[in-house]
Amino acid sequence: MAAVANHCITSSSNIKSAKPISFSSATAHAKHSVHFTSNKKYKELSSLSMNGCQSEDPRAPIGTIETKTFPMAPTPASAADRLNSAIYDLKSNPSQLDSGIIRLEVPIDEHIEALDWLRSQSLDPVLPRSYYSGRESSIVPSRHKNNEEKLVGVAGFGSAVSFRHLDGFSLNDWHSIKRFLSKSSPLIRAYGGMRFDARANISPEWQDFASFYFMVPQVEFDEFEGSSMIAATVAWDNRLSTTYEQAVAALEATMWQLSCVIKSKNNSSEQPILLDQTHVPNQISWELAVNKALDSIKSKDSNLNKVVLARSSRVHTNAEIDPLMWLEALQAEGVNSYQFCLQPPEAPAFIGNTPERLFYRDQLSVTSDALAATRARGTSEALDLQIGRDLLSSPKDHHEFAVVRESIRRKLEAICSSTIVEPNKALRKLPRVQHLYAKLTGTLEQEDDEFKILSSLHPTPAVCGQPMEDARVFIIETESFDRGYYAGPVGWFGGAESEFAVGIRSALVGKDVGAILYAGTGIVEGSKPAMEWKELELKTSQFTKLMKHEEARMAVSGKP
């Protein structure tokens with residue numbers, strides 16, 4: 001292969017068209033050279049992304065939804081060769097349809113971590129990035145084997161089609177996304193998230209995210225257990241002012257950014273030094289806010305029985321923080337948790353390591369979690385068991401948890417034909433903390449009830465309070481910062497499946513913001529301001545320990 005720099009672009013003498021597996025339409029054989037335009041033109045093309053929310057008829061089906069799978073390649077470089085060849089075939093044999101979405105995918109006979117692949121890409125900031133790793137590996141049908149595979153994580157950059165609006169996520173927006181998805185193409189997914197409260201004012205650091213932001217990646221890397229896959233997706237709709245030719249040209253420009261050199265983990269890399277940290281609210285204001293909430297909960301004139309108050313902590317460091325390096329560090333604590341990264345064009349990155357599922361839908365089956373009340377893990381097995389027993393028997397923590405569980409139960413029962421709670425109350429142990437937990441499962445009447453599930457479950461009492469509207473108003477009146485996507489839904493929509501986590505244990509990183517760490521805690525009768533503050537510190541420690549650890553190491557080494 002004749003490489004250009006470290007990128008996966010090949011010369012005409014080394015590219016051979018590969019026919020996709022039988023279920024995909026055949027492409028023409030061609031030997032070709034890939035032509036790239038000027039850097040200015042490249043930026044114009046690679047930043048071109050159709051906004052699917054601008055459709056005049058969001059329920060109108062698009063012309064085609066296809067997945068073309070090519071034979072397995074031994075390496076990322078050879079897989080990229082086949083992708084480039086397939087893209088050239090798309091260009092040489094243009095579709096006559098007014099709209100469509102086509103995914104080209106090449107399996108790789110090598111296990112490569114999706115986050116390592118994304119971290120290895122040196123991307124122009126005009127290209128959005130995304131990463132998502134589920135709490136458990138999801139099962140997807142294999143296109144190149146006669147069985148199923150476990151999907152571990154998905155990374156992507158560029159946007160074949162995006163969905164973004166300043167107004168709150170609506171049923172029409174949901175239809176705008178779903179028209180590009182199909183059960184027959186299960187890995188065409190829209191990854192993204194939305195604000196905790198779409199009615200709250202958007203602060204400058206969250207401006208690029210709008211009220212919600214979703215993207216179908218142009219270039220995607222899928223990590224399976226034992227193998228990998230690289231994919232490229234092209235989407236067009238003449239009614240959205242994006243033609244087939246424009247969409248293919250934009251994909252070509254984005255492919256120019258692709259690097260096939262996978263960087264290995266570098267555990268010895270320098271971490272930024274924490275210079276200062278500013279909490280909003282500070283501890284004095286926090287105590288006032290908690291006492292105000294307790295007064296409201298005790299008042300006979302208020303219906304409020306729980307409210308979740310949050311804190312933002314802006315950290316300043318001696319060097320820019322790499323959000324993917326932080327996310328990589330979080331993976332070490334990622335047992336039974338979701339990891340995510342969402343970064344719109346030229347924006348900071350929203351990253352997190354959250355244990356809380358909002359919902360998972362598989363056809364008509366829907367599952368949600370009730371997760372509330374927090375304790376630290378014990379330093380010994382005996383102490384850990386004792387802390388867990390105390391959490392299970394605490395009346396205050398049971399009340400906080402029961403409010404969450406019963407609220408989710410009622411919302412599922414209002415939409416589902418049947419609902420099961422099992423376990424009813426148990427411990428969920430994570431590396432640093434443990435919570436009370438219940439799993440709730442329901443059966444939808446129809447798959448289109450997915451939007452009802454999303455809009456009904458969010459926000460849960462675990463991140464807002466109870467009653468929901470009373471708690472939301474209290475938060476707006478009390479908190480003096482913008483939560484943005486913190487505690488909002490983060491995940492993906494697919495044709496047959498969808499999954500969303502709750503964007504807690506999260507941070508906004510990079511692009512002149514340093515980092516803003518977010519954490520919250522539920523206030524119910526019996527809450528103590530000092531103990532709740534300690535809980536905030538415990539929850540943000542997954543981030544602060546990264547900087548504190550580096551600060552301590554440099555102090556030991558004697559470096560200035």
# chains A, B, ... in the order shown; residues from 1 in each chain; ligands from 1
call {"tool": "residues_around", "arguments": {"residues": "Arg119 (chain A)", "least_positions_apart": "6", "cutoff": "12 Å", "atoms": "only C-alpha atoms", "output": "list in words"}}
result
Ile112, Glu113, Arg129, Ser130, Tyr131, Ala155, Gly156, Phe157, Phe221, Leu258, Ser259, Cys260, Val261, Ile262, Lys263, Ser264, Lys265, Asn266, Asp322, Pro323, Leu324, Met325, Trp326, Leu327, Glu328 and Cys341 of chain A
call {"tool": "residues_around", "arguments": {"residues": "region 436-446 of chain A", "least_positions_apart": "5", "cutoff": "8 Å", "atoms": "only C-alpha atoms", "output": "PyMOL selection string"}}
result
chain A and resi 364-374+391-392+401+405+408-409+412-413+415-428
call {"tool": "closest_atom_pairs", "arguments": {"of": "region 258-361 of chain A", "to": "region 477-492 of chain A", "cutoff": "8 Å", "atoms": "only C-alpha atoms", "output": "CSV"}}
result
residue,atom,partner,partner_atom,distance
A:Val280,CA,A:Phe481,CA,7.1
A:Pro281,CA,A:Ser480,CA,7.4
A:Ala289,CA,A:Thr478,CA,6.8
A:Leu309,CA,A:Glu479,CA,7.5
A:Ala310,CA,A:Glu479,CA,7.5
A:Ser312,CA,A:Phe481,CA,7.3
A:Phe340,CA,A:Val490,CA,7.9
A:Phe350,CA,A:Tyr485,CA,7.9
A:Leu358,CA,A:Pro489,CA,7.1
call {"tool": "write_last_selection", "arguments": {"atoms": "all heavy atoms", "output": "short mmCIF file (atom, residue, chain, number, x, y, z; two decimals), in the first residue's frame"}}
result
data_model
loop_
_atom_site.label_atom_id
_atom_site.label_comp_id
_atom_site.auth_asym_id
_atom_site.auth_seq_id
_atom_site.Cartn_x
_atom_site.Cartn_y
_atom_site.Cartn_z
N VAL A 280 -19.47 25.64 42.12
CA VAL A 280 -20.72 26.41 42.08
C VAL A 280 -21.86 25.44 42.36
O VAL A 280 -22.15 24.58 41.53
CB VAL A 280 -20.93 27.11 40.72
CG1 VAL A 280 -22.25 27.87 40.71
CG2 VAL A 280 -19.77 28.04 40.39
N PRO A 281 -22.48 25.55 43.57
CA PRO A 281 -22.22 26.52 44.63
C PRO A 281 -21.00 26.13 45.47
O PRO A 281 -20.58 24.97 45.43
CB PRO A 281 -23.49 26.43 45.48
CG PRO A 281 -23.91 24.99 45.33
CD PRO A 281 -23.59 24.62 43.91
N ALA A 289 -28.61 25.99 50.27
CA ALA A 289 -29.52 25.37 49.30
C ALA A 289 -30.15 24.10 49.85
O ALA A 289 -31.35 23.85 49.67
CB ALA A 289 -28.78 25.08 48.01
N LEU A 309 -30.11 18.12 44.07
CA LEU A 309 -29.31 19.33 43.86
C LEU A 309 -27.94 18.93 43.33
O LEU A 309 -27.36 17.93 43.74
CB LEU A 309 -29.17 20.12 45.16
CG LEU A 309 -30.48 20.70 45.71
CD1 LEU A 309 -30.22 21.45 47.02
CD2 LEU A 309 -31.14 21.63 44.69
N ALA A 310 -27.43 19.73 42.41
CA ALA A 310 -26.16 19.41 41.75
C ALA A 310 -25.14 20.50 41.98
O ALA A 310 -25.46 21.61 42.44
CB ALA A 310 -26.39 19.18 40.26
N SER A 312 -21.47 22.15 40.01
CA SER A 312 -20.48 22.16 38.93
C SER A 312 -19.15 22.62 39.51
O SER A 312 -19.11 23.54 40.33
CB SER A 312 -20.92 23.09 37.78
OG SER A 312 -20.75 24.43 38.13
N PHE A 340 -19.09 7.23 27.67
CA PHE A 340 -19.55 7.95 26.49
C PHE A 340 -18.72 9.20 26.27
O PHE A 340 -18.13 9.76 27.20
CB PHE A 340 -21.04 8.32 26.61
CG PHE A 340 -21.36 9.23 27.76
CD1 PHE A 340 -21.21 10.60 27.66
CD2 PHE A 340 -21.82 8.71 28.97
CE1 PHE A 340 -21.51 11.44 28.73
CE2 PHE A 340 -22.12 9.54 30.03
CZ PHE A 340 -21.96 10.90 29.91
N PHE A 350 -18.31 16.19 25.88
CA PHE A 350 -19.06 15.76 27.05
C PHE A 350 -18.76 14.28 27.25
O PHE A 350 -19.08 13.46 26.40
CB PHE A 350 -20.55 15.99 26.84
CG PHE A 350 -21.42 15.58 28.00
CD1 PHE A 350 -21.16 16.05 29.28
CD2 PHE A 350 -22.50 14.74 27.81
CE1 PHE A 350 -21.95 15.68 30.36
CE2 PHE A 350 -23.31 14.36 28.89
CZ PHE A 350 -23.03 14.84 30.16
N LEU A 358 -31.22 4.64 31.64
CA LEU A 358 -32.56 5.24 31.55
C LEU A 358 -33.52 4.20 30.99
O LEU A 358 -34.54 3.89 31.60
CB LEU A 358 -32.53 6.49 30.68
CG LEU A 358 -33.86 7.26 30.60
CD1 LEU A 358 -34.25 7.79 31.97
CD2 LEU A 358 -33.77 8.38 29.57
#
call {"tool": "atom_distance", "arguments": {"atom1": "CA of Ala190 (chain A)", "atom2": "CA of Ala347 (chain A)"}}
result
18.6 Å
call {"tool": "atom_distance", "arguments": {"atom1": "CA of Glu56 (chain A)", "atom2": "CA of Tyr244 (chain A)"}}
result
19.0 Å
call {"tool": "atom_distance", "arguments": {"atom1": "CA of Glu270 (chain A)", "atom2": "CA of Asn353 (chain A)"}}
result
21.8 Å
call {"tool": "residues_around", "arguments": {"residues": "Asp295 (chain A)", "least_positions_apart": "6", "cutoff": "10 Å", "atoms": "only C-alpha atoms", "output": "short mmCIF file (atom, residue, chain, number, x, y, z; two decimals) with N, CA and C atoms, in the first residue's frame"}}
result
data_model
loop_
_atom_site.label_atom_id
_atom_site.label_comp_id
_atom_site.auth_asym_id
_atom_site.auth_seq_id
_atom_site.Cartn_x
_atom_site.Cartn_y
_atom_site.Cartn_z
N ALA A 289 -28.61 25.99 50.27
CA ALA A 289 -29.52 25.37 49.30
C ALA A 289 -30.15 24.10 49.85
N SER A 302 -46.07 22.67 50.55
CA SER A 302 -45.30 22.17 49.42
C SER A 302 -45.55 20.69 49.22
N LEU A 304 -43.32 18.91 47.56
CA LEU A 304 -41.99 18.36 47.32
C LEU A 304 -41.61 17.34 48.40
N GLU A 525 -36.01 14.17 53.42
CA GLU A 525 -36.05 14.43 54.87
C GLU A 525 -35.00 13.56 55.57
#
call {"tool": "select_by_dssp", "arguments": {"residues": "region 298-513 of chain A", "states": "alpha helix (DSSP H)", "output": "VMD selection string"}}
result
chain A and resid 298 323 to 331 381 to 393 395 to 415 450 to 457 468 to 478
call {"tool": "closest_residue", "arguments": {"among": "A:Phe169, A:Trp256, A:Phe474, A:Phe212", "to": "Ala80 (chain A)", "atoms": "only C-alpha atoms"}}
result
A:Trp256
call {"tool": "residues_around", "arguments": {"residues": "Ser211 (chain A)", "least_positions_apart": "5", "cutoff": "7 Å", "atoms": "only C-alpha atoms", "output": "PyMOL selection string"}}
result
chain A and resi 165-168+194-195+198
call {"tool": "write_last_selection", "arguments": {"atoms": "N, CA, C and O atoms", "output": "PDB file, in the first residue's frame"}}
result
ATOM      1  N   HIS A 165     -31.304  20.842  17.387  1.00  0.00           N
ATOM      2  CA  HIS A 165     -32.272  21.945  17.421  1.00  0.00           C
ATOM      3  C   HIS A 165     -32.182  22.640  18.775  1.00  0.00           C
ATOM      4  O   HIS A 165     -31.834  22.027  19.782  1.00  0.00           O
ATOM      5  N   LEU A 166     -32.509  23.933  18.768  1.00  0.00           N
ATOM      6  CA  LEU A 166     -32.515  24.684  20.018  1.00  0.00           C
ATOM      7  C   LEU A 166     -33.754  24.383  20.846  1.00  0.00           C
ATOM      8  O   LEU A 166     -33.735  24.528  22.073  1.00  0.00           O
ATOM      9  N   ASP A 167     -34.840  23.984  20.199  1.00  0.00           N
ATOM     10  CA  ASP A 167     -36.052  23.608  20.928  1.00  0.00           C
ATOM     11  C   ASP A 167     -35.908  22.198  21.495  1.00  0.00           C
ATOM     12  O   ASP A 167     -35.074  21.414  21.048  1.00  0.00           O
ATOM     13  N   GLY A 168     -36.748  21.883  22.469  1.00  0.00           N
ATOM     14  CA  GLY A 168     -36.690  20.568  23.095  1.00  0.00           C
ATOM     15  C   GLY A 168     -37.013  19.443  22.133  1.00  0.00           C
ATOM     16  O   GLY A 168     -37.695  19.633  21.118  1.00  0.00           O
ATOM     17  N   MET A 194     -29.207  14.780  25.043  1.00  0.00           N
ATOM     18  CA  MET A 194     -30.045  15.971  25.138  1.00  0.00           C
ATOM     19  C   MET A 194     -29.911  16.596  26.524  1.00  0.00           C
ATOM     20  O   MET A 194     -29.403  15.965  27.462  1.00  0.00           O
ATOM     21  N   ARG A 195     -30.362  17.822  26.619  1.00  0.00           N
ATOM     22  CA  ARG A 195     -30.232  18.581  27.848  1.00  0.00           C
ATOM     23  C   ARG A 195     -31.080  17.985  28.972  1.00  0.00           C
ATOM     24  O   ARG A 195     -32.117  17.360  28.735  1.00  0.00           O
ATOM     25  N   ALA A 198     -34.724  21.241  28.775  1.00  0.00           N
ATOM     26  CA  ALA A 198     -34.730  21.996  27.523  1.00  0.00           C
ATOM     27  C   ALA A 198     -35.301  23.393  27.699  1.00  0.00           C
ATOM     28  O   ALA A 198     -35.087  24.262  26.846  1.00  0.00           O
TER      29      ALA A 198
END
call {"tool": "decode", "arguments": {"residues": "region 149-172 of chain A", "atoms": "N, CA and C atoms", "output": "PDB file, in the first residue's frame"}}
result
ATOM      1  N   GLU A 149     -22.652 -11.641  17.220  1.00  0.00           N
ATOM      2  CA  GLU A 149     -21.438 -11.134  17.838  1.00  0.00           C
ATOM      3  C   GLU A 149     -21.796 -10.179  18.968  1.00  0.00           C
ATOM      4  N   LYS A 150     -20.887 -10.034  19.909  1.00  0.00           N
ATOM      5  CA  LYS A 150     -21.083  -9.112  21.018  1.00  0.00           C
ATOM      6  C   LYS A 150     -20.369  -7.799  20.717  1.00  0.00           C
ATOM      7  N   LEU A 151     -21.159  -6.736  20.604  1.00  0.00           N
ATOM      8  CA  LEU A 151     -20.627  -5.407  20.327  1.00  0.00           C
ATOM      9  C   LEU A 151     -20.212  -4.760  21.644  1.00  0.00           C
ATOM     10  N   VAL A 152     -18.946  -4.399  21.759  1.00  0.00           N
ATOM     11  CA  VAL A 152     -18.392  -3.870  23.009  1.00  0.00           C
ATOM     12  C   VAL A 152     -18.452  -2.348  23.034  1.00  0.00           C
ATOM     13  N   GLY A 153     -18.013  -1.711  21.955  1.00  0.00           N
ATOM     14  CA  GLY A 153     -17.975  -0.254  21.924  1.00  0.00           C
ATOM     15  C   GLY A 153     -17.967   0.260  20.500  1.00  0.00           C
ATOM     16  N   VAL A 154     -18.417   1.505  20.329  1.00  0.00           N
ATOM     17  CA  VAL A 154     -18.506   2.125  19.005  1.00  0.00           C
ATOM     18  C   VAL A 154     -17.905   3.527  19.069  1.00  0.00           C
ATOM     19  N   ALA A 155     -16.983   3.814  18.154  1.00  0.00           N
ATOM     20  CA  ALA A 155     -16.393   5.144  18.039  1.00  0.00           C
ATOM     21  C   ALA A 155     -16.636   5.665  16.632  1.00  0.00           C
ATOM     22  N   GLY A 156     -16.762   6.966  16.498  1.00  0.00           N
ATOM     23  CA  GLY A 156     -16.997   7.507  15.172  1.00  0.00           C
ATOM     24  C   GLY A 156     -16.586   8.960  15.058  1.00  0.00           C
ATOM     25  N   PHE A 157     -16.387   9.399  13.823  1.00  0.00           N
ATOM     26  CA  PHE A 157     -16.156  10.820  13.577  1.00  0.00           C
ATOM     27  C   PHE A 157     -16.793  11.206  12.253  1.00  0.00           C
ATOM     28  N   GLY A 158     -17.003  12.510  12.100  1.00  0.00           N
ATOM     29  CA  GLY A 158     -17.761  12.983  10.956  1.00  0.00           C
ATOM     30  C   GLY A 158     -19.228  12.654  11.137  1.00  0.00           C
ATOM     31  N   SER A 159     -20.083  13.305  10.371  1.00  0.00           N
ATOM     32  CA  SER A 159     -21.520  13.094  10.519  1.00  0.00           C
ATOM     33  C   SER A 159     -22.166  12.927   9.153  1.00  0.00           C
ATOM     34  N   ALA A 160     -22.691  11.731   8.890  1.00  0.00           N
ATOM     35  CA  ALA A 160     -23.419  11.499   7.641  1.00  0.00           C
ATOM     36  C   ALA A 160     -24.726  12.274   7.655  1.00  0.00           C
ATOM     37  N   VAL A 161     -25.373  12.278   8.802  1.00  0.00           N
ATOM     38  CA  VAL A 161     -26.566  13.099   9.022  1.00  0.00           C
ATOM     39  C   VAL A 161     -26.612  13.397  10.517  1.00  0.00           C
ATOM     40  N   SER A 162     -26.920  14.636  10.851  1.00  0.00           N
ATOM     41  CA  SER A 162     -27.029  15.017  12.251  1.00  0.00           C
ATOM     42  C   SER A 162     -28.441  15.499  12.536  1.00  0.00           C
ATOM     43  N   PHE A 163     -28.746  15.595  13.817  1.00  0.00           N
ATOM     44  CA  PHE A 163     -30.066  16.036  14.261  1.00  0.00           C
ATOM     45  C   PHE A 163     -29.834  16.981  15.439  1.00  0.00           C
ATOM     46  N   ARG A 164     -30.207  18.234  15.254  1.00  0.00           N
ATOM     47  CA  ARG A 164     -29.865  19.261  16.251  1.00  0.00           C
ATOM     48  C   ARG A 164     -30.910  20.360  16.206  1.00  0.00           C
ATOM     49  N   HIS A 165     -31.304  20.842  17.387  1.00  0.00           N
ATOM     50  CA  HIS A 165     -32.272  21.945  17.421  1.00  0.00           C
ATOM     51  C   HIS A 165     -32.182  22.640  18.775  1.00  0.00           C
ATOM     52  N   LEU A 166     -32.509  23.933  18.768  1.00  0.00           N
ATOM     53  CA  LEU A 166     -32.515  24.684  20.018  1.00  0.00           C
ATOM     54  C   LEU A 166     -33.754  24.383  20.846  1.00  0.00           C
ATOM     55  N   ASP A 167     -34.840  23.984  20.199  1.00  0.00           N
ATOM     56  CA  ASP A 167     -36.052  23.608  20.928  1.00  0.00           C
ATOM     57  C   ASP A 167     -35.908  22.198  21.495  1.00  0.00           C
ATOM     58  N   GLY A 168     -36.748  21.883  22.469  1.00  0.00           N
ATOM     59  CA  GLY A 168     -36.690  20.568  23.095  1.00  0.00           C
ATOM     60  C   GLY A 168     -37.013  19.443  22.133  1.00  0.00           C
ATOM     61  N   PHE A 169     -36.528  18.241  22.451  1.00  0.00           N
ATOM     62  CA  PHE A 169     -36.713  17.060  21.612  1.00  0.00           C
ATOM     63  C   PHE A 169     -38.188  16.717  21.541  1.00  0.00           C
ATOM     64  N   SER A 170     -38.739  16.645  20.314  1.00  0.00           N
ATOM     65  CA  SER A 170     -40.169  16.445  20.106  1.00  0.00           C
ATOM     66  C   SER A 170     -40.433  15.132  19.372  1.00  0.00           C
ATOM     67  N   LEU A 171     -41.707  14.793  19.255  1.00  0.00           N
ATOM     68  CA  LEU A 171     -42.093  13.598  18.509  1.00  0.00           C
ATOM     69  C   LEU A 171     -41.665  13.709  17.050  1.00  0.00           C
ATOM     70  N   ASN A 172     -41.777  14.892  16.460  1.00  0.00           N
ATOM     71  CA  ASN A 172     -41.324  15.082  15.079  1.00  0.00           C
ATOM     72  C   ASN A 172     -39.824  14.866  14.959  1.00  0.00           C
TER      73      ASN A 172
END
